[in-house]
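Have a look at input01.cif; it's mmCIF, C-alpha atoms:
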```cif
data_final
#
loop_
_atom_site.label_atom_id
_atom_site.label_comp_id
_atom_site.auth_asym_id
_atom_site.auth_seq_id
_atom_site.Cartn_x
_atom_site.Cartn_y
_atom_site.Cartn_z
CA MET Y 14 99.84 167.64 -13.17
CA SER Y 15 97.15 165.57 -14.85
CA ARG Y 16 93.67 165.24 -13.39
CA ALA Y 17 93.52 161.59 -14.46
CA ARG Y 18 91.76 159.37 -11.97
CA LEU Y 19 94.21 157.84 -9.54
CA ARG Y 20 93.79 154.88 -7.25
CA ALA Y 21 93.21 155.72 -3.60
CA LEU Y 22 96.03 154.62 -1.30
CA SER Y 23 95.89 153.39 2.27
CA GLU Y 24 98.12 154.92 4.92
CA THR Y 25 100.41 151.90 4.80
CA GLN Y 26 100.85 152.26 1.05
CA VAL Y 27 101.58 155.98 1.42
CA ARG Y 28 104.19 155.28 4.09
CA ARG Y 29 105.89 152.77 1.80
CA VAL Y 30 106.05 155.32 -1.00
CA LEU Y 31 107.54 157.89 1.36
CA GLY Y 32 109.93 155.39 2.91
CA ALA Y 33 111.36 154.55 -0.50
CA GLY Y 34 112.19 158.20 -1.17
CA GLY Y 35 108.88 159.47 -2.49
CA MET Y 36 106.92 162.57 -1.58
CA LEU Y 37 103.44 164.00 -1.12
CA ILE Y 38 102.09 167.02 -2.95
CA GLU Y 39 98.84 168.87 -2.36
CA SER Y 40 97.67 170.62 -5.50
CA GLY Y 41 94.27 171.86 -6.52
CA GLY Y 42 92.67 170.40 -3.41
CA GLN Y 43 94.00 166.88 -4.02
CA TRP Y 44 96.82 165.03 -2.26
CA ARG Y 45 99.04 162.81 -4.40
CA ALA Y 46 101.87 160.45 -3.56
CA TYR Y 47 104.89 160.17 -5.85
CA ARG Y 48 107.46 157.38 -5.82
CA SER Y 49 110.26 159.87 -6.43
CA GLN Y 50 110.80 163.57 -5.83
CA ASP Y 51 110.02 164.42 -9.44
CA ALA Y 52 106.40 165.48 -9.92
CA ARG Y 53 106.78 165.18 -13.69
CA LEU Y 54 106.53 161.42 -13.29
CA SER Y 55 103.22 159.64 -12.80
CA ALA Y 56 101.81 159.67 -9.28
CA ALA Y 57 101.60 156.39 -7.38
CA GLY Y 58 98.09 157.31 -6.27
CA SER Y 59 95.99 159.77 -4.35
CA LEU Y 60 95.29 159.92 -0.63
CA SER Y 61 92.59 161.42 1.51
CA PRO Y 62 93.31 164.58 3.51
CA LEU Y 63 92.67 162.43 6.60
CA ILE Y 64 95.81 160.41 5.89
CA ALA Y 65 97.86 163.47 4.96
CA GLY Y 66 96.76 165.17 8.18
CA ARG Y 67 97.65 162.13 10.27
CA LEU Y 68 101.15 161.96 8.85
CA GLN Y 69 101.72 165.64 9.52
CA ASP Y 70 100.25 165.50 13.04
CA GLU Y 71 102.43 162.51 13.91
CA GLY Y 72 105.56 164.17 12.53
CA ALA Y 73 106.07 161.50 9.88
CA VAL Y 74 106.49 164.10 7.11
CA HIS Y 75 107.82 167.62 6.88
CA ALA Y 76 107.59 170.36 4.28
CA ASP Y 77 110.58 170.64 1.96
CA PRO Y 78 112.30 173.95 2.92
CA GLN Y 79 113.07 174.72 -0.74
CA ARG Y 80 109.64 173.70 -2.02
CA PRO Y 81 107.14 173.94 0.85
CA TRP Y 82 104.30 172.42 -1.18
CA ARG Y 83 106.19 169.11 -1.15
CA PHE Y 84 106.14 166.85 1.91
CA LEU Y 85 108.93 164.36 2.56
CA ALA Y 86 109.42 161.61 5.11
CA ILE Y 87 111.27 162.62 8.27
CA GLU Y 88 113.38 159.47 7.98
CA ARG Y 89 113.95 157.76 4.68
CA LEU Y 90 113.53 154.03 4.99
CA ALA Y 91 115.26 151.52 2.79
CA PRO Y 92 112.74 149.72 0.57
CA ALA Y 93 112.12 146.13 1.56
CA ARG Y 94 113.99 143.60 -0.53
CA ALA Y 95 111.66 141.96 -2.99
CA ALA Y 96 110.83 138.39 -2.11
CA ILE Y 97 111.90 135.80 -4.67
CA PRO Y 98 108.94 133.61 -5.60
CA PRO Y 99 109.40 129.84 -5.53
CA PRO Y 100 109.86 128.03 -8.85
CA ALA Y 101 106.59 127.62 -10.71
CA ARG Y 102 106.98 123.85 -10.67
CA LEU Y 103 106.63 123.88 -6.88
CA LEU Y 104 103.25 125.59 -7.04
CA GLU Y 105 100.00 123.77 -7.60
CA GLY Y 106 99.23 123.41 -11.29
CA GLY Y 107 102.64 124.79 -12.21
CA ARG Y 108 101.38 128.37 -11.84
CA ARG Y 109 102.05 131.04 -9.31
CA GLN Y 110 99.08 131.35 -6.99
CA LYS Y 111 97.50 134.73 -6.39
CA PRO Y 112 97.45 135.61 -2.67
CA VAL Y 113 93.96 135.63 -1.18
CA SER Y 114 93.00 138.84 0.59
CA LEU Y 115 91.79 138.63 4.16
CA PHE Y 116 88.59 140.42 3.18
CA ASP Y 117 87.79 137.77 0.54
CA THR Y 118 88.38 135.09 3.17
CA ILE Y 119 85.93 136.77 5.54
CA MET Y 120 83.37 137.24 2.76
CA ALA Y 121 83.53 133.53 1.97
CA ASP Y 122 82.62 132.75 5.57
CA PHE Y 123 79.40 134.78 5.17
CA ILE Y 124 78.08 132.86 2.15
CA SER Y 125 75.68 130.91 4.36
CA LYS Y 126 74.37 134.15 5.92
CA PRO Y 127 72.96 136.15 2.99
CA ALA Y 128 71.47 138.96 5.09
CA ASP Y 129 74.73 139.56 6.97
CA LEU Y 130 76.69 139.23 3.73
CA ALA Y 131 74.56 141.93 2.10
CA ARG Y 132 75.15 144.33 5.00
CA LEU Y 133 78.87 143.59 4.95
CA LYS Y 134 79.09 144.23 1.21
CA ALA Y 135 77.10 147.44 1.44
CA ALA Y 136 79.17 148.89 4.29
CA SER Y 137 82.47 147.86 2.70
CA GLN Y 138 81.56 149.31 -0.68
CA ARG Y 139 80.42 152.55 0.90
CA PHE Y 140 83.74 152.87 2.74
CA GLN Y 141 85.68 152.20 -0.46
CA VAL Y 142 83.63 154.76 -2.40
CA ASP Y 143 84.08 157.38 0.32
CA MET Y 144 87.84 156.79 0.37
CA ARG Y 145 88.03 157.17 -3.42
CA GLN Y 146 85.88 160.29 -3.41
CA ALA Y 147 87.74 161.89 -0.49
CA SER Y 148 91.01 161.33 -2.37
CA ALA Y 149 89.70 162.79 -5.62
CA ALA Y 150 90.29 166.27 -6.96
CA PRO Y 151 87.51 168.82 -6.39
CA ALA Y 152 85.15 169.46 -9.27
CA ARG Y 153 86.33 171.95 -11.86
CA PRO Y 154 84.22 175.03 -12.60
CA GLY Y 155 81.19 173.91 -14.57
CA GLU Y 156 81.74 170.22 -13.81
CA ARG Y 157 78.59 168.53 -12.52
CA ARG Y 158 78.67 165.67 -10.05
CA PRO Y 159 75.87 163.74 -8.34
CA PRO Y 160 74.78 165.18 -4.97
CA GLY Y 161 77.02 163.93 -2.16
CA ALA Y 162 79.71 162.71 -4.55
CA GLY Y 163 82.26 165.45 -3.91
CA PRO Y 164 85.45 165.00 -1.87
CA GLU Y 165 84.29 167.40 0.85
CA THR Y 166 81.15 165.37 1.58
CA ALA Y 167 83.04 162.07 1.54
CA LEU Y 168 85.72 163.51 3.83
CA SER Y 169 83.04 164.67 6.26
CA ARG Y 170 81.57 161.16 6.38
CA LEU Y 171 84.98 159.57 6.91
CA THR Y 172 85.89 162.04 9.64
CA ALA Y 173 82.66 161.20 11.46
CA LEU Y 174 83.32 157.48 10.98
CA GLN Y 175 86.85 157.76 12.36
CA ALA Y 176 85.51 159.60 15.42
CA ALA Y 177 82.86 156.91 15.92
CA ILE Y 178 85.01 153.79 15.64
CA GLY Y 179 88.46 155.09 16.60
CA LEU Y 180 91.67 155.58 14.65
CA ASP Y 181 93.00 152.04 15.14
CA ARG Y 182 89.92 150.42 13.63
CA PHE Y 183 89.81 153.01 10.87
CA ARG Y 184 93.38 152.13 9.93
CA GLN Y 185 92.47 148.45 10.00
CA LEU Y 186 89.64 149.13 7.55
CA GLU Y 187 92.05 150.96 5.25
CA SER Y 188 94.36 147.95 5.32
CA LEU Y 189 91.49 145.53 4.78
CA LEU Y 190 89.43 147.37 2.15
CA ILE Y 191 91.84 149.74 0.40
CA HIS Y 192 95.12 147.85 0.58
CA SER Y 193 93.30 144.48 0.32
CA GLY Y 194 96.18 142.61 1.88
CA THR Y 195 96.46 139.03 3.03
CA ALA Y 196 95.96 137.97 6.63
CA LYS Y 197 99.72 138.06 7.11
CA ALA Y 198 99.99 141.60 5.72
CA PHE Y 199 97.02 142.78 7.78
CA ALA Y 200 98.53 141.32 10.96
CA ARG Y 201 101.88 142.96 10.27
CA GLU Y 202 100.31 146.37 9.66
CA ALA Y 203 98.06 146.09 12.72
CA GLY Y 204 100.86 144.81 14.97
CA LEU Y 205 99.12 141.50 15.64
CA ALA Y 206 99.90 137.82 15.55
CA GLU Y 207 98.65 136.35 12.28
CA ALA Y 208 96.27 134.08 14.21
CA GLU Y 209 94.46 137.19 15.48
CA ALA Y 210 94.07 138.83 12.06
CA CYS Y 211 90.69 137.40 11.06
CA LYS Y 212 89.03 138.08 14.42
CA THR Y 213 90.38 141.65 14.55
CA ALA Y 214 89.40 142.38 10.95
CA LEU Y 215 85.91 141.02 11.51
CA SER Y 216 85.54 143.21 14.61
CA ALA Y 217 86.51 146.28 12.56
CA LEU Y 218 83.99 145.36 9.86
CA MET Y 219 81.23 144.89 12.43
CA ALA Y 220 82.06 148.32 13.87
CA LEU Y 221 81.84 149.75 10.34
CA ILE Y 222 78.42 148.18 9.77
CA ALA Y 223 77.14 149.44 13.13
CA ALA Y 224 78.41 152.97 12.50
CA TYR Y 225 76.83 153.13 9.05
CA ASP Y 226 73.55 151.71 10.39
CA LEU Y 227 73.47 154.47 13.01
CA ALA Y 228 74.22 157.09 10.36
CA VAL Y 229 71.36 155.83 8.18
CA ARG Y 230 68.90 155.86 11.08
CA ALA Y 231 70.01 159.35 12.12
CA ALA Y 232 69.44 160.64 8.59
CA ARG Y 233 65.83 159.43 8.54
#
```
Would you encode the structure as C-alpha cells?
Amino acid sequence: MSRARLRALSETQVRRVLGAGGMLIESGGQWRAYRSQDARLSAAGSLSPLIAGRLQDEGAVHADPQRPWRFLAIERLAPARAAIPPPARLLEGGRRQKPVSLFDTIMADFISKPADLARLKAASQRFQVDMRQASAAPARPGERRPPGAGPETALSRLTALQAAIGLDRFRQLESLLIHSGTAKAFAREAGLAEAEACKTALSALMALIAAYDLAVRAAR
C-alpha cells in the first residue's frame, strides 16, 4: 500500500464507508478506510486509532476470519440514495450553490470579536492538525519530522482532549472540523434538531478552546 498522504476522516465518514461495504485495515501503524474490500484500490482516507478503537469497543466492526488484519462492519448498511439536485435554473444565478458549513457560519458570527475569533481559529486549527497527524503513518527509518509532529504525540493530545471534554463533544468536533458538514448534517449526526445545531456546535468549540488553554497553561 502506498504511503501517499491521505485525508483524515471523521467517525461519521468512516461509518459511511463501512456501511457501503468497505473495510478498515491497519498496516505499518496507520489505519486506512477502503470503499471496497479490495486493498489494491485507493483508500478513501485515513483515520486515527481513537476512531478505530471506538468502533471495535462498540462492536461496530469485527475482524475478517479469513484475513484478520481487515475489519468489516458488523451489519452492512445500504448506501443512502443520492439526492437529485434541483435544476440549475432554479438556483440563484443559474448555478448550483455550494453548501455552507456550520463552522464557517459560526466563524462569520465572530468577525466583530477579533480576539475571540483568533482563539477559535487557533484551537480549531490545532485540532485539525492533531487529527491529521494522529491518522498519519509513523515516520520511516531515517525520516526526520519536527518535534511533536508524530502520530504518537498527536494521539496522546487527542486522547487527553477526549478525556477532558467527553466523547460526545469530541465527536461533535470531528463532525464540525473534520467532516465540515452543514448545520443540517451536524444535527443529524449529533441526534439534534437542526435549530439546536449552532448552539451545540458553539458549546463544543468553547470546550475545545478551554481545554487547549488549560493545556497551554499546564505546559508553562
re atom CA of Y:Leu171 and atom CA of Y:Gln69: distance 18.0 Å
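With only C-alpha atoms as the atoms that count, the residue of Y:Arg80, Y:Arg132, Y:Arg45, Y:Lys212 with the shortest distance to Y:Arg20 is Y:Arg45.
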The residue from Y:Gly42, Y:Gly66, Y:Gly58, Y:Pro112 with the smallest atom-to-atom distance to Y:Lys197, counting only C-alpha atoms, is Y:Pro112
> Mind telling me what the PyMOL selection byres ((chain Y and resi 30) around 12) catches here, as an MDAnalysis selection string?
Replying inline: chainID Y and resid 22:29 31:37 45:50 56:60 74 84:86 89:93
The distance between atom CA of Y:Gly163 and atom CA of Y:Ala76 is 27.1 Å
Across Y:Ala223, Y:Leu54, Y:Leu130, Y:Ala217, the smallest distance to Y:Leu180, with only C-alpha atoms counted, is shown by Y:Ala217
re atom CA of Y:Leu186 and atom CA of Y:Phe140: distance 8.5 Å
